[in-house]
Amino acid sequence: MTSPAGPPPTDSGSGEQQRVRLLAVTACPTGIAHTYMAAEKLQQAAESRGIDMKVETQGSIGAENILDDNDVSTADGIIVAADKDVDLSRFVGKRVLTVGVAEGIHHPERLIERVQSAPVHEPGGGAAVVSSSGGKERSVGYKALMNGVSYMIPFVVVGGLLIAISLSLGGHTDPSGGLVIPKDSFWMDVNNIGVIGFTLMVPILSGYIAYAIGDRPALVPGMIGGWIANTGALYDSKAGAGFIGAIVTGFLAGYLVLWIKKVKVPKFVQPIMPIIVIPIVATTALGLFFIYVLGKPISWVFEHLTDWLSGMTGTSAILLGAILGLMISFDMGGPVNKTAFLFGAGLIATGNQTVMGMCAAAIPVMPLGQGLATLVRRRLYTEQERETGLASLFMGCFGISEGAIPFAAARPAQVIPANMLGGAVAGAIAGVAGVEDAVPHGGPIVAVLGAVSGVPMFFVAVVIGTVVTALTTVALIDLSERGRRGEPGAGTVVGTSGPGPEPVLVGSRAGAVPGAVGIVAQRSVATLPTSAPAPTTSSAAPAEPAALVDPAASAEPAASVEPSASPQPAASVEPSASPQPAASVEPSASIEPSASSQPAASAEPSVSPQPAASVQPSATAEPAASVEPAASVDAEVLSGYLTEATVSVRLGAGDKEGAIHEMARLLARSGKVADVDELVATALRREEQGTTGLGEEIAIPHAKTDAVTAPVVGFARSAEGIEWGSLDGTRAKLVFMIAVPEAAAGDEHLRILALLSRKLMDTGFRERLTAAADESAVLGVLREVG
């Protein structure tokens with residue numbers, strides 16, 4: 001870690017030759033385009049003013065051009081253009097200006113002027129913040145909540161799976177203790193490790209919510225506050241507040257720390273504020289507040305809910321089952337859940353096992369339902385959420401309701417009502433059917449081990465409740481997203497790597513063969529097999545004039561064939577028109593068939609003229625592979641992800657949706673698109689989350705979907721421009737479309753995107769792209785990217 005810089009520079013001059021030296025850090029939630037666009041813009045603005053600037057980029061491929069202690073110590077100011085947390089502690093004593101990443105792209109000159117008069121960053125303090133306008137930005141509270149959930153998920157998965165494995169392999173039913181694992185056994189040790197993971201889950205959620213709000217000083221009070229919230233014995237409650245209590249303590253700790261940071265203290269105290277004073281004061285205040293203020297109502301709720309349930313034992317089985325299902329599904333380990341569970345468990349000893357049967361049917365509905373929802377509508381969930389969904393399904397089979405907590409914490413307004421509805425249905429069905437459970441545990445595992453009577457109806461209750469939960473969850477998420485956007489449409493990817501118009505393409509496979517053409521069955525576009533490395537003219541029949549070639553049946557285009565309106569004699573063959581593999585036939589171009597009547601290596605401009613239509617194929621022609629295909633040059637464009645087949649200089653669509661349809665069809669010409677309709681749908685859902693119009697007349701729509709079999713990039717140019725909702729209000733004239741498969745791995749495409757984003761900030765480069773006469777000329781310009 002760098003040492004703190006010295007005091008801020010003064011205005012005392014040391015000669016005209018002394019240059020201002022600035023630093024910058026750029027970062028965005030997904031770290032693909034905006035990170036590098038802002039870096040390039042800031043560097044260009046600094047160079048135009050004769051200012052030395054070093055920019056650290058915190059992108060998807062890691063931090064690059066990292067600022068070291070020497071950089072910081074000699075800097076006159078630091079610009080932090082970021083939409084995610086950046087550690088500012090290394091900039092203590094320096095002028096620091098913090099803005100959104102969009103400001104770095106659109107107003108770099110203004111930032112350079114402002115940073116030279118920005119306030120000095122102090123230990124534990126904040127930096128001058130300028131809000132950026134435009135774009136759909138998630139609130140600080142939402143981002144803090146998602147930060148906590150993302151750190152909590154591994155603890156839920158590891159703890160839950162270890163408990164489930166230990167119960168399934170080492171447990172047995174016991175009327176006095178549910179599923180029991182023999183003490184001092186190997187499986188008890190495995191179970192204890194899992195319990196530790198579950199115990200840490202709630203403090204981790206609370207701690208990292210606080211951290212996202214108040215930075216590192218808030219981490220300790222957040223975690224300790226979460227532990228207190230989950231330990232009911234500290235405030236005379238039989239059950240802790242669970243994950244809902246953790247969310248409360250996380251936000252309280254974060255904002256409490258922010259408030260303490262604003263308190264003015266003597267300079268000699270400032271160095272110890274973030275590591276001693278703030279954590280101690282915040283932890284003590286929050287802990288006592290929860291124990292003496294929030295804890296008492298929680299204890300009161302627990303006691304009165306128990307008394308209320310005791311008075312309902314003689315009521316309708318449907319009503320009681322529905323109420324118990326609602327309670328079991330509400331907070332998953334919190335006081336309401338524990339009240340219903342302990343109520344059912346306590347009645348087992350009295351011989352009433354029906355109440356526990358209702359609870360046992362409701363217990364697995366939450367994790368099973370949320371896991372099923374990730375399978376029913378995969379596109380509504382991030383990759384991490386889908387993986388968590390699979391673990392949730394496994395935990396649900398073993399009656400571990402906490403498997404649904406990550407989903408409930410991320411979207412409480414949608415998930416908790418869905419859970420409660422499904423739990424109520426399952427509980428009511430189990431109550432009507434008279435299902436009994438002899439052990440204080442739930443889930444399919446107790447039925448498999450023989451602790452449940454009325455097994456068929458038990459599974460009917462669980463299945464119906466699970467389906468109700470999944471379908472309700474999907475519907476509510478769809479409604480929520482449409483309401484947030486204020487427009488109709490299908491659900492979008494919720495909770496992805498971050499807000500704003502940022503290409504979310506982490507994990508794409510990097511091993512695409514440059515220039516390769518794969519043949520894939522498609523709904524909307526049909527191509528012919530082109531893999532045979534034969535001469536371009538068929539050896540089975542005389543060559544036909546180019547004007548008679550059927551474009552619809554032609555193979556993939558290539559840069560090596562020059563278009564022509566009519567057949568030309570062989571004497572006009574250019575060296576680049578030497579025999580190519582069949583994949584290089586241009587659909588609308590004339591073909592010089594006479595060139596293929598000679599061995600591939602001998603196709604020269606000096607060949608004797610022959611009428612093209614009368615040329616007969618040569619039976620002794622050498623394989624075209626002896627000459628390097630001209631298409632191999634395309635492999636150098638964006639690592640082969642973009643070829644002339646996926647370039648168009650005339651984008652005919654007049655609106656964004658039409659442009660995406662047209663771009664998808666353009667990508668399909670590569671042979672790497674298996675489902676054009678699904679590619680379009682995925683790209684449009686990404687647009688609903690936030691515009692991919694990046695400004696400067698640029699748009700980069702993109703999709704991560706199994707509708708493509710390999711990464712592919714397309715480019716098209718619109719003369720009039722298309723309204724894309726860009727932050728700077730410009731119409732998109734230069735449109736790149738990027739698609740990668742879900743299962744893709746590696747970060748090669750991220751490197752290419754980073755290079756492309758930087759290069760697109762070069763005005764001259766954009767002008768050359770705009771002025772390029774045809775597809776070949778466009779490729780020539782794009783080769784500058786690498």
# chains A, B, ... in the order shown; residues from 1 in each chain; ligands from 1

call {"tool": "select_by_dssp", "arguments": {"residues": "region 17-208 of chain A", "states": "helix (DSSP H, G or I)", "output": "ChimeraX atom specification"}}
result
/A:34-48,69-73,89-91,101-106,108-115,140-170,186-208

call {"tool": "residues_around", "arguments": {"residues": "Glu696 (chain A)", "least_positions_apart": "5", "cutoff": "8 Å", "atoms": "only C-alpha atoms", "output": "VMD selection string"}}
result
chain A and resid 728 730 732 761

call {"tool": "write_last_selection", "arguments": {"atoms": "N, CA, C and O atoms", "output": "short mmCIF file (atom, residue, chain, number, x, y, z; two decimals), in the first residue's frame"}}
result
data_model
loop_
_atom_site.label_atom_id
_atom_site.label_comp_id
_atom_site.auth_asym_id
_atom_site.auth_seq_id
_atom_site.Cartn_x
_atom_site.Cartn_y
_atom_site.Cartn_z
N ASP A 728 -24.86 11.91 -23.78
CA ASP A 728 -24.58 13.25 -24.30
C ASP A 728 -25.63 13.71 -25.32
O ASP A 728 -25.48 14.77 -25.92
N THR A 730 -26.27 12.56 -28.27
CA THR A 730 -25.95 12.35 -29.68
C THR A 730 -26.64 11.10 -30.22
O THR A 730 -26.92 10.16 -29.48
N ALA A 732 -26.57 7.72 -32.44
CA ALA A 732 -25.52 6.73 -32.71
C ALA A 732 -25.33 6.55 -34.21
O ALA A 732 -26.28 6.19 -34.92
N MET A 761 -12.29 6.92 -28.47
CA MET A 761 -12.20 8.27 -27.94
C MET A 761 -11.28 9.16 -28.77
O MET A 761 -11.17 10.36 -28.52
#

call {"tool": "closest_residue", "arguments": {"among": "A:Arg766, A:Lys759, A:Arg19, A:Lys84", "to": "Asn147 (chain A)", "atoms": "only C-alpha atoms"}}
result
A:Lys84

call {"tool": "atom_distance", "arguments": {"atom1": "CA of Gln116 (chain A)", "atom2": "CA of Ile78 (chain A)"}}
result
8.8 Å

call {"tool": "residues_around", "arguments": {"residues": "Ile224 (chain A)", "least_positions_apart": "5", "cutoff": "8 Å", "atoms": "only C-alpha atoms", "output": "list of chain:residue names"}}
result
A:Pro203, A:Gly207, A:Thr283, A:Gly287

call {"tool": "closest_residue", "arguments": {"among": "A:Pro217, A:Pro119, A:Phe243, A:Met223", "to": "Ile260 (chain A)", "atoms": "only C-alpha atoms"}}
result
A:Pro217

call {"tool": "atom_distance", "arguments": {"atom1": "CA of Arg386 (chain A)", "atom2": "CA of Leu679 (chain A)"}}
result
19.5 Å

call {"tool": "select_by_dssp", "arguments": {"residues": "region 131-279 of chain A", "states": "strand (DSSP E or B)", "output": "ChimeraX atom specification"}}
result
/A:172-174,178-180

call {"tool": "write_last_selection", "arguments": {"atoms": "C-alpha atoms", "output": "PDB file, in the first residue's frame"}}
result
ATOM      1  CA  HIS A 172     -31.132 -40.348  11.131  1.00  0.00           C
ATOM      2  CA  THR A 173     -34.609 -39.466  12.389  1.00  0.00           C
ATOM      3  CA  ASP A 174     -35.196 -39.065  16.099  1.00  0.00           C
ATOM      4  CA  GLY A 178     -35.395 -34.264  14.322  1.00  0.00           C
ATOM      5  CA  LEU A 179     -32.596 -35.393  12.035  1.00  0.00           C
ATOM      6  CA  VAL A 180     -29.805 -36.334  14.405  1.00  0.00           C
TER       7      VAL A 180
END

call {"tool": "residues_around", "arguments": {"residues": "Ala424 (chain A)", "least_positions_apart": "6", "cutoff": "8 Å", "atoms": "only C-alpha atoms", "output": "JSON, numbers by chain"}}
result
{"A": [321, 322, 323, 324, 325, 326, 362, 465]}

call {"tool": "atom_distance", "arguments": {"atom1": "CA of Leu380 (chain A)", "atom2": "CA of Leu684 (chain A)"}}
result
13.0 Å

call {"tool": "residues_around", "arguments": {"residues": "Ile51 (chain A)", "least_positions_apart": "3", "cutoff": "12 Å", "atoms": "only C-alpha atoms", "output": "list in words"}}
result
Gln17, Gln18, Arg19, Val20, Arg21, Leu22, Leu23, Leu42, Gln43, Gln44, Ala45, Ala46, Glu47, Ser48, Lys54, Ala75, Asp76, Gly77, Glu109, Ile112, Glu113 and Gln116 of chain A

call {"tool": "write_last_selection", "arguments": {"atoms": "C-alpha atoms", "output": "short mmCIF file (atom, residue, chain, number, x, y, z; two decimals), in the first residue's frame"}}
result
data_model
loop_
_atom_site.label_atom_id
_atom_site.label_comp_id
_atom_site.auth_asym_id
_atom_site.auth_seq_id
_atom_site.Cartn_x
_atom_site.Cartn_y
_atom_site.Cartn_z
CA GLN A 17 9.05 25.15 -16.87
CA GLN A 18 7.43 23.35 -13.94
CA ARG A 19 4.54 21.25 -15.30
CA VAL A 20 1.41 20.43 -13.40
CA ARG A 21 1.29 16.71 -12.60
CA LEU A 22 -2.10 15.06 -12.11
CA LEU A 23 -3.22 11.50 -11.44
CA LEU A 42 -8.68 12.53 -19.43
CA GLN A 43 -5.27 11.83 -20.96
CA GLN A 44 -6.20 13.66 -24.16
CA ALA A 45 -7.46 16.67 -22.22
CA ALA A 46 -4.30 16.77 -20.10
CA GLU A 47 -1.99 16.53 -23.11
CA SER A 48 -3.79 19.38 -24.85
CA LYS A 54 -1.02 9.14 -15.26
CA ALA A 75 1.05 14.71 -7.77
CA ASP A 76 -0.69 18.08 -7.64
CA GLY A 77 -4.13 16.47 -7.60
CA GLU A 109 -11.37 19.57 -19.23
CA ILE A 112 -8.81 19.10 -14.74
CA GLU A 113 -9.67 22.68 -13.83
CA GLN A 116 -6.55 21.98 -8.85
#

call {"tool": "residues_around", "arguments": {"residues": "Pro154 (chain A)", "least_positions_apart": "3", "cutoff": "9 Å", "atoms": "only C-alpha atoms", "output": "PyMOL selection string"}}
result
chain A and resi 150-151+157-159+197+201+388

call {"tool": "residues_around", "arguments": {"residues": "Ala360 (chain A)", "least_positions_apart": "6", "cutoff": "12 Å", "atoms": "only C-alpha atoms", "output": "PyMOL selection string"}}
result
chain A and resi 178+321+324-325+328-329+340-342+344-345+353-354+366+396-401+423-424+426-431+435-447+451-453+455+458-459+461-462

call {"tool": "closest_residue", "arguments": {"among": "A:Val468, A:Val263, A:Ala246, A:Leu256", "to": "Ile405 (chain A)", "atoms": "only C-alpha atoms"}}
result
A:Ala246

call {"tool": "closest_residue", "arguments": {"among": "A:Ala754, A:Thr692, A:Asn352, A:Val96", "to": "Gly725 (chain A)", "atoms": "only C-alpha atoms"}}
result
A:Thr692

call {"tool": "closest_residue", "arguments": {"among": "A:Gly434, A:Pro274, A:Gly333, A:Gly695", "to": "Ala38 (chain A)", "atoms": "only C-alpha atoms"}}
result
A:Gly695
